[in-house]
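Next comes structure.cif, with mmCIF, C-alpha atoms.
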data_target
#
loop_
_atom_site.label_atom_id
_atom_site.label_comp_id
_atom_site.auth_asym_id
_atom_site.auth_seq_id
_atom_site.Cartn_x
_atom_site.Cartn_y
_atom_site.Cartn_z
CA MET K 72 25.54 -31.56 24.12
CA SER K 73 24.60 -32.84 20.68
CA VAL K 74 25.78 -30.62 17.84
CA ARG K 75 24.66 -31.74 14.43
CA THR K 76 26.85 -31.89 11.34
CA GLN K 77 26.16 -33.57 8.01
CA SER K 78 26.02 -37.37 8.01
CA SER K 79 24.95 -39.74 5.26
CA ASP K 80 22.87 -42.25 7.22
CA GLN K 81 19.41 -40.72 7.11
CA PRO K 82 16.76 -43.00 8.66
CA ALA K 83 14.23 -44.35 6.16
CA GLU K 84 10.82 -42.85 6.81
CA THR K 85 7.75 -43.09 4.63
CA VAL K 86 5.23 -40.99 6.57
CA HIS K 87 4.48 -37.51 5.25
CA ARG K 88 4.92 -34.59 7.63
CA ALA K 89 3.75 -31.01 7.27
CA GLY K 90 3.88 -28.12 9.67
CA PHE K 91 5.15 -24.69 10.64
CA ALA K 92 8.56 -23.63 11.91
CA CYS K 93 9.57 -20.13 12.86
CA PHE K 94 12.95 -18.51 13.28
CA VAL K 95 13.36 -16.15 16.18
CA GLY K 96 16.32 -14.14 17.30
CA ARG K 97 17.31 -10.59 17.87
CA PRO K 98 17.26 -8.21 14.91
CA ASN K 99 19.89 -9.00 12.27
CA ALA K 100 20.57 -12.56 13.50
CA GLY K 101 20.23 -13.90 9.93
CA LYS K 102 16.63 -15.14 10.07
CA SER K 103 15.48 -13.82 6.68
CA THR K 104 18.66 -14.92 4.88
CA LEU K 105 18.16 -18.41 6.33
CA THR K 106 14.50 -18.51 5.22
CA ASN K 107 15.54 -17.57 1.68
CA ALA K 108 18.35 -20.17 1.64
CA LEU K 109 16.00 -22.96 2.76
CA VAL K 110 13.31 -22.05 0.24
CA GLY K 111 15.94 -21.58 -2.47
CA GLN K 112 14.50 -18.24 -3.58
CA LYS K 113 14.03 -14.78 -2.17
CA VAL K 114 10.80 -14.63 -0.17
CA ALA K 115 11.93 -12.53 2.81
CA ILE K 116 13.63 -9.17 2.42
CA THR K 117 17.14 -8.99 3.79
CA SER K 118 19.12 -5.93 4.74
CA ASN K 119 22.15 -5.36 6.89
CA ARG K 120 20.01 -2.99 8.92
CA PRO K 121 18.34 -4.56 11.95
CA GLN K 122 14.54 -4.66 12.19
CA THR K 123 13.91 -5.11 8.46
CA THR K 124 11.15 -7.70 8.60
CA ARG K 125 7.71 -6.43 9.55
CA HIS K 126 5.41 -9.02 8.02
CA THR K 127 5.17 -12.69 8.81
CA VAL K 128 6.54 -14.18 5.58
CA ARG K 129 5.90 -17.82 5.02
CA GLY K 130 8.48 -19.60 2.92
CA ILE K 131 7.59 -23.13 1.86
CA VAL K 132 10.12 -25.96 1.56
CA HIS K 133 8.77 -28.89 -0.50
CA ARG K 134 10.20 -32.38 0.01
CA PRO K 135 8.76 -35.69 -1.29
CA ASP K 136 8.06 -36.76 2.30
CA ALA K 137 7.39 -33.39 3.90
CA GLN K 138 6.34 -29.77 3.64
CA LEU K 139 8.09 -27.33 5.94
CA ILE K 140 6.41 -23.93 6.17
CA LEU K 141 8.72 -21.25 7.51
CA VAL K 142 7.28 -18.30 9.33
CA ASP K 143 9.66 -15.35 9.44
CA THR K 144 8.92 -13.03 12.35
CA PRO K 145 10.26 -9.58 13.15
CA GLY K 146 13.18 -9.60 15.60
CA LEU K 147 11.98 -9.48 19.21
CA HIS K 148 13.38 -6.38 20.90
CA LYS K 149 12.66 -3.94 23.74
CA PRO K 150 10.06 -1.71 22.08
CA ARG K 151 10.38 2.08 21.97
CA THR K 152 7.33 2.87 19.84
CA LEU K 153 3.79 1.59 19.30
CA LEU K 154 5.06 -0.08 16.09
CA GLY K 155 7.71 -1.85 18.19
CA GLU K 156 5.07 -3.12 20.62
CA ARG K 157 2.89 -4.40 17.77
CA LEU K 158 5.85 -6.20 16.17
CA ASN K 159 6.59 -7.94 19.49
CA ASP K 160 2.93 -9.03 19.75
CA VAL K 161 3.21 -10.55 16.25
CA VAL K 162 6.24 -12.55 17.39
CA ARG K 163 4.60 -13.94 20.54
CA THR K 164 1.40 -14.88 18.70
CA THR K 165 3.45 -16.72 16.08
CA TRP K 166 5.44 -18.66 18.69
CA ALA K 167 2.22 -19.94 20.19
CA GLU K 168 1.04 -21.33 16.83
CA VAL K 169 4.05 -23.10 15.30
CA ASP K 170 5.24 -26.73 15.57
CA VAL K 171 8.93 -25.97 16.07
CA ILE K 172 10.97 -22.86 16.93
CA GLY K 173 14.46 -22.17 15.57
CA PHE K 174 16.39 -19.73 17.76
CA CYS K 175 19.03 -17.95 15.62
CA LEU K 176 22.25 -16.81 17.30
CA PRO K 177 25.03 -15.38 15.12
CA ALA K 178 28.38 -17.17 15.43
CA ASP K 179 30.34 -13.93 15.23
CA GLN K 180 28.75 -12.20 18.23
CA LYS K 181 28.91 -13.18 21.90
CA ILE K 182 25.57 -14.04 23.50
CA GLY K 183 24.26 -10.73 24.82
CA PRO K 184 21.32 -9.27 26.79
CA GLY K 185 19.10 -9.32 23.64
CA ASP K 186 19.64 -13.08 23.20
CA ARG K 187 18.96 -13.71 26.90
CA PHE K 188 15.76 -11.65 26.72
CA ILE K 189 14.48 -13.91 23.92
CA ALA K 190 15.76 -17.14 25.52
CA LYS K 191 13.88 -16.31 28.74
CA GLU K 192 10.67 -15.85 26.74
CA LEU K 193 11.32 -19.16 24.94
CA ALA K 194 11.85 -20.93 28.27
CA GLY K 195 8.24 -20.05 29.11
CA ILE K 196 6.94 -21.93 26.03
CA ARG K 197 7.00 -25.46 27.32
CA LYS K 198 5.51 -27.72 24.66
CA THR K 199 7.10 -26.51 21.41
CA PRO K 200 10.45 -28.14 20.47
CA LYS K 201 13.30 -25.63 20.12
CA VAL K 202 16.30 -25.89 17.83
CA ALA K 203 19.30 -23.60 18.41
CA VAL K 204 20.64 -22.41 15.04
CA VAL K 205 24.10 -20.86 15.15
CA THR K 206 24.12 -18.64 12.02
CA LYS K 207 26.85 -16.86 10.02
CA THR K 208 29.42 -19.61 10.66
CA ASP K 209 31.35 -18.44 7.57
CA LEU K 210 32.44 -15.36 9.56
CA VAL K 211 34.37 -17.23 12.29
CA ASP K 212 37.12 -19.86 12.64
CA SER K 213 36.52 -23.31 14.11
CA LYS K 214 37.73 -22.33 17.60
CA ALA K 215 35.33 -19.36 17.86
CA LEU K 216 32.51 -21.55 16.50
CA ALA K 217 33.20 -24.26 19.11
CA GLU K 218 33.11 -21.63 21.87
CA GLN K 219 29.79 -20.27 20.61
CA LEU K 220 28.25 -23.77 20.44
CA ILE K 221 29.28 -24.42 24.05
CA ALA K 222 27.87 -21.00 25.10
CA VAL K 223 24.53 -21.81 23.42
CA ASP K 224 24.38 -25.20 25.14
CA GLN K 225 25.15 -23.47 28.46
CA LEU K 226 22.44 -20.84 27.88
CA GLY K 227 19.86 -23.63 27.48
CA LYS K 228 20.98 -25.32 30.69
CA GLU K 229 20.87 -22.06 32.66
CA LEU K 230 17.29 -21.30 31.62
CA GLY K 231 15.94 -24.85 31.59
CA ILE K 232 15.61 -25.10 27.80
CA THR K 233 16.29 -28.52 26.29
CA TRP K 234 17.48 -27.90 22.73
CA ALA K 235 16.12 -30.56 20.37
CA GLU K 236 19.23 -29.86 18.25
CA ILE K 237 22.10 -27.37 18.06
CA VAL K 238 22.95 -26.74 14.40
CA PRO K 239 25.72 -24.49 13.01
CA VAL K 240 24.83 -23.09 9.55
CA SER K 241 25.93 -20.53 7.01
CA ALA K 242 23.03 -19.40 4.82
CA THR K 243 25.23 -17.25 2.56
CA ALA K 244 27.77 -20.07 1.99
CA GLY K 245 24.99 -22.71 1.83
CA LYS K 246 26.63 -24.77 4.59
CA GLN K 247 24.41 -27.23 6.49
CA VAL K 248 21.20 -25.52 5.28
CA ASP K 249 19.79 -28.83 3.96
CA LEU K 250 20.81 -30.54 7.18
CA LEU K 251 18.81 -27.98 9.14
CA ALA K 252 15.70 -28.83 7.08
CA ASP K 253 16.42 -32.57 7.66
CA LEU K 254 16.44 -31.95 11.43
CA LEU K 255 13.36 -29.68 11.53
CA ILE K 256 11.14 -32.06 9.51
CA PRO K 257 10.99 -34.95 12.05
CA LEU K 258 9.73 -32.41 14.63
CA LEU K 259 6.64 -31.66 12.49
CA PRO K 260 3.32 -33.47 12.88
CA GLU K 261 2.34 -36.18 10.40
CA GLY K 262 -0.13 -34.97 7.77
CA PRO K 263 -0.72 -34.11 4.12
CA ALA K 264 0.81 -31.10 2.34
CA LEU K 265 -0.86 -27.81 3.31
CA TYR K 266 0.11 -25.84 0.18
CA PRO K 267 0.14 -26.77 -3.55
CA GLU K 268 3.46 -28.03 -4.98
CA GLY K 269 5.35 -25.08 -6.45
CA ASP K 270 4.07 -22.43 -4.02
CA LEU K 271 7.01 -20.77 -2.30
CA THR K 272 5.12 -18.34 -0.08
CA ASP K 273 1.55 -17.36 0.79
CA GLU K 274 2.37 -13.65 1.00
CA PRO K 275 0.06 -11.57 -1.22
CA GLU K 276 2.05 -10.33 -4.24
CA GLN K 277 1.28 -6.72 -3.35
CA VAL K 278 2.90 -7.12 0.09
CA MET K 279 5.99 -8.75 -1.43
CA VAL K 280 6.31 -5.98 -4.02
CA ALA K 281 6.07 -3.35 -1.25
CA GLU K 282 8.77 -5.20 0.72
CA LEU K 283 11.12 -5.30 -2.29
CA ILE K 284 10.69 -1.54 -2.78
CA ARG K 285 11.37 -0.96 0.92
CA GLU K 286 14.48 -3.14 0.77
CA ALA K 287 15.82 -1.09 -2.16
CA ALA K 288 14.99 2.15 -0.31
CA LEU K 289 16.94 0.96 2.76
CA GLU K 290 20.14 0.46 0.75
CA GLY K 291 22.72 3.06 1.67
CA VAL K 292 20.51 5.50 3.57
CA ARG K 293 21.68 7.10 6.77
CA ASP K 294 21.13 5.33 10.06
CA GLU K 295 18.20 7.45 11.18
CA LEU K 296 15.96 6.26 8.37
CA PRO K 297 15.40 2.46 8.42
CA HIS K 298 12.38 2.40 10.72
CA SER K 299 10.90 5.52 9.21
CA ILE K 300 10.20 3.99 5.80
CA ALA K 301 6.90 2.27 5.01
CA VAL K 302 5.76 1.34 1.49
CA VAL K 303 2.19 0.92 0.31
CA VAL K 304 1.42 -0.41 -3.17
CA GLU K 305 -1.66 1.57 -4.20
CA GLU K 306 -2.39 -0.46 -7.34
CA MET K 307 -1.03 -3.12 -9.67
CA LEU K 308 -2.80 -3.23 -13.02
CA PRO K 309 -1.90 -4.78 -16.39
CA ARG K 310 -1.62 -1.95 -18.94
CA GLU K 311 -4.47 -2.00 -21.42
CA ASP K 312 -3.99 -2.15 -25.21
CA ARG K 313 -0.77 -4.19 -24.95
CA PRO K 314 -0.25 -7.16 -27.29
CA ALA K 315 -0.48 -10.54 -25.48
CA ASP K 316 3.22 -11.28 -26.06
CA LYS K 317 4.32 -7.87 -24.65
CA PRO K 318 2.46 -7.39 -21.38
CA LEU K 319 3.32 -4.56 -19.00
CA LEU K 320 2.28 -4.26 -15.37
CA ASP K 321 1.78 -0.74 -13.98
CA ILE K 322 2.65 -0.52 -10.28
CA HIS K 323 1.93 2.68 -8.33
CA ALA K 324 3.51 2.80 -4.88
CA ASN K 325 4.01 5.38 -2.13
CA LEU K 326 7.04 5.52 0.14
CA PHE K 327 6.01 7.02 3.48
CA ILE K 328 8.47 8.72 5.81
CA GLU K 329 7.87 10.47 9.13
CA ARG K 330 9.33 13.96 8.63
CA PRO K 331 9.63 16.41 5.72
CA SER K 332 13.41 16.62 6.36
CA GLN K 333 13.72 12.92 5.40
CA LYS K 334 12.26 13.51 1.96
CA GLY K 335 15.52 14.86 0.55
CA ILE K 336 17.45 11.82 1.83
CA ILE K 337 15.14 9.40 0.02
CA ILE K 338 14.83 11.42 -3.21
CA GLY K 339 18.50 12.45 -3.37
CA PRO K 340 20.05 15.27 -5.45
CA LYS K 341 17.96 15.79 -8.62
CA GLY K 342 15.93 12.68 -7.77
CA LYS K 343 18.96 10.41 -8.30
CA ARG K 344 18.43 8.20 -5.22
CA LEU K 345 14.74 7.61 -5.84
CA LYS K 346 15.55 6.68 -9.43
CA GLU K 347 18.11 4.12 -8.19
CA VAL K 348 15.53 2.70 -5.76
CA GLY K 349 13.13 2.33 -8.71
CA ILE K 350 15.69 0.60 -10.93
CA ARG K 351 16.89 -1.76 -8.20
CA SER K 352 13.44 -2.77 -6.99
CA ARG K 353 11.99 -3.06 -10.50
CA LYS K 354 14.53 -5.78 -11.38
CA GLN K 355 13.60 -7.75 -8.27
CA ILE K 356 9.86 -7.29 -8.87
CA GLU K 357 10.12 -8.42 -12.50
CA ALA K 358 12.04 -11.52 -11.36
CA LEU K 359 9.37 -12.22 -8.73
CA LEU K 360 6.34 -11.72 -10.98
CA GLY K 361 7.89 -12.89 -14.27
CA THR K 362 6.58 -9.91 -16.24
CA PRO K 363 7.90 -6.48 -17.34
CA VAL K 364 6.94 -3.72 -14.91
CA PHE K 365 6.46 0.05 -15.06
CA LEU K 366 7.09 1.33 -11.53
CA ASP K 367 5.75 4.69 -10.41
CA LEU K 368 7.14 5.77 -7.00
CA HIS K 369 6.12 8.76 -4.89
CA VAL K 370 7.51 9.90 -1.53
CA LYS K 371 4.99 11.14 1.04
CA VAL K 372 5.20 12.33 4.63
CA ALA K 373 3.03 10.56 7.24
CA LYS K 374 3.97 12.48 10.36
CA ASP K 375 5.29 10.23 13.19
CA TRP K 376 3.42 7.24 11.75
CA GLN K 377 5.20 4.75 14.04
CA ARG K 378 3.48 6.26 17.08
CA ASP K 379 0.03 6.90 15.63
CA PRO K 380 -2.47 3.97 15.81
CA LYS K 381 -4.58 5.37 12.95
CA GLN K 382 -1.60 5.72 10.60
CA LEU K 383 -0.24 2.31 11.59
CA ARG K 384 -3.56 0.74 10.55
CA ARG K 385 -3.53 2.61 7.24
CA LEU K 386 0.02 1.40 6.53
CA GLY K 387 -0.94 -2.21 7.27
CA PHE K 388 0.35 -2.74 10.82
#
Take the structure in this file and express it as structure tokens.
Amino acid sequence: MSVRTQSSDQPAETVHRAGFACFVGRPNAGKSTLTNALVGQKVAITSNRPQTTRHTVRGIVHRPDAQLILVDTPGLHKPRTLLGERLNDVVRTTWAEVDVIGFCLPADQKIGPGDRFIAKELAGIRKTPKVAVVTKTDLVDSKALAEQLIAVDQLGKELGITWAEIVPVSATAGKQVDLLADLLIPLLPEGPALYPEGDLTDEPEQVMVAELIREAALEGVRDELPHSIAVVVEEMLPREDRPADKPLLDIHANLFIERPSQKGIIIGPKGKRLKEVGIRSRKQIEALLGTPVFLDLHVKVAKDWQRDPKQLRRLGF
């Protein structure tokens, strides 16, 4: 078993590589946090609720000799709704198209049925190199980490997966994140950069804004709500008649939930919660877009949207 830790003797290599890597793992395995840490800026929404990511977010890591494009997929899981099935389809399509797959397994949780379910699927993808990434290493001591690394190695052997690397990382503590990029890059094909220098993601701004609003709305709500929230940005327009040095962007967005009873949870007593969602997400949006924003939020009911193909289409799934 070869477990990688930082070393100073990097081989000299002058060829330029560019390609796509995706992180897979069960919900809440630290995939989005890792994407953000590698890119050095927030491009994927993170939440301590599982199943947060619904869009394939591409984060772009620029190096002088390489461009690593990270595709962040939803967590693969046993689906209970039509939305769940569609999310799983997104994952499998992505796996078929990338150059390298990073399988994220949290250091602080024993390998369970969810991990095995994904590993079995990965075993069926023969050609693509697979890197096992043991995440959240800051949450365990060295003994527990060693046990998890051995368990991951064992899992590969059982299912016939040859790990190209096994890398322990902590995205929140910034440990071994650069090393992970160093190990993913040699697995990419040779070729020129695919995106302009300075681009961090190819997500449309409107989608990213909707995701930031949804992240803020997920903060502190009761457990029954996470999957029931969808956000659609209806329009983003610069306000007219503003002086050039004081621009203002008007953003009108709808938060959709599935049942009228959920409306009160989102809005809160005297609209307090919705106001907090607006304040929290506006800060993030202004940081993302680099301009002052006026955010207009409305809560609407789209009955059982997760199970209705027509509504799913309208909400962008």
With a distance cut-off of 12 Å and only C-alpha atoms, select the neighbouring residues of Glu268 in chain K, excluding the residue or stretch itself and same-chain residues fewer than 2 positions from it, and output the selection as a PyMOL selection string. chain K and resi 131-135+137-139+263-266+270-272
Write out as a list in words which residues come within 7 Å of range 253-261 of chain K when counting all atoms listed in the file, dropping same-chain ones fewer than 5 positions away. Val86, His87, Arg88, Ala89, Gly90, Ala137, Leu139, Asp170 and Val171 of chain K
To one decimal place in Å, what is the distance between CA of Lys374 in chain K and CA of Asp321 in chain K?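 Taking CA of Lys374 in chain K and CA of Asp321 in chain K, their separation equals 27.8 Å.
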Hey, what comes out of the PyMOL selection byres ((chain K and resi 233-244) around 7) on this file? Could you write it as a PyMOL selection string? chain K and resi 73-75+104-105+108+200-209+227+231-232+245-248+251
Any chance you could export the current selection's C-alpha atoms as a compact mmCIF listing (two decimals), in the frame of the given file?
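Final output, saved to result-v5.txt:
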# COMPACT_ATOMS: atom_id res chain seq x y z
CA SER K 73 24.60 -32.84 20.68
CA VAL K 74 25.78 -30.62 17.84
CA ARG K 75 24.66 -31.74 14.43
CA THR K 104 18.66 -14.92 4.88
CA LEU K 105 18.16 -18.41 6.33
CA ALA K 108 18.35 -20.17 1.64
CA PRO K 200 10.45 -28.14 20.47
CA LYS K 201 13.30 -25.63 20.12
CA VAL K 202 16.30 -25.89 17.83
CA ALA K 203 19.30 -23.60 18.41
CA VAL K 204 20.64 -22.41 15.04
CA VAL K 205 24.10 -20.86 15.15
CA THR K 206 24.12 -18.64 12.02
CA LYS K 207 26.85 -16.86 10.02
CA THR K 208 29.42 -19.61 10.66
CA ASP K 209 31.35 -18.44 7.57
CA GLY K 227 19.86 -23.63 27.48
CA GLY K 231 15.94 -24.85 31.59
CA ILE K 232 15.61 -25.10 27.80
CA GLY K 245 24.99 -22.71 1.83
CA LYS K 246 26.63 -24.77 4.59
CA GLN K 247 24.41 -27.23 6.49
CA VAL K 248 21.20 -25.52 5.28
CA LEU K 251 18.81 -27.98 9.14
Could you pull the residues within 8 Å of His323 in chain K, counting all atoms listed in the file, minus those fewer than 5 positions along the same chain, as a list in words?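 My reading of the contact set: Val304, Glu305, Glu306, Met307, Leu366, Asp367 and Leu368 of chain K.
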So, with all atoms listed in the file as the atoms that count, which of K:Ala178, K:Glu276, K:Val95, K:Gln377 lies closest to Glu192 in chain K?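 Closest residue, counting all atoms listed in the file: K:Val95.
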Straight-line distance linking CA of Asp186 in chain K with CA of Leu153 in chain K, stated in Å to one decimal: 21.9 Å
Between CA of Gly173 in chain K and CA of Leu158 in chain K, what is the distance, to one decimal in Å?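 Interatomic distance, CA of Gly173 in chain K to CA of Leu158 in chain K: 18.2 Å.
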List the neighbours of Gln180 in chain K out to 10 Å using only C-alpha atoms; skip same-chain residues closer than 4 positions along the sequence, and give me the result as a list in words.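 Returned residues: Ala100, Leu176, Lys207, Leu210, Val211, Ala215 and Gln219 of chain K.
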Writer output for current selection, C-alpha atoms, as an mmCIF file, in the coordinates of the input:
data_model
loop_
_atom_site.group_PDB
_atom_site.id
_atom_site.type_symbol
_atom_site.label_atom_id
_atom_site.label_comp_id
_atom_site.auth_asym_id
_atom_site.auth_seq_id
_atom_site.Cartn_x
_atom_site.Cartn_y
_atom_site.Cartn_z
ATOM 1 C CA ALA K 100 20.570 -12.560 13.500
ATOM 2 C CA LEU K 176 22.250 -16.810 17.300
ATOM 3 C CA LYS K 207 26.850 -16.860 10.020
ATOM 4 C CA LEU K 210 32.440 -15.360 9.560
ATOM 5 C CA VAL K 211 34.370 -17.230 12.290
ATOM 6 C CA ALA K 215 35.330 -19.360 17.860
ATOM 7 C CA GLN K 219 29.790 -20.270 20.610
#
When the PyMOL selection byres ((chain K and resi 355-363) around 8) is applied to the file above, which residues end up in the set, as a list in words? Val280, Leu283, Pro318, Leu319, Leu320, Arg351, Ser352, Arg353, Lys354, Val364 and Phe365 of chain K
Residues near Lys191 in chain K, cut-off 12 Å, only C-alpha atoms, skip fewer than 2 positions along chain, as number ranges by chain: K: 96, 147, 174, 184-189, 193-197, 226-232
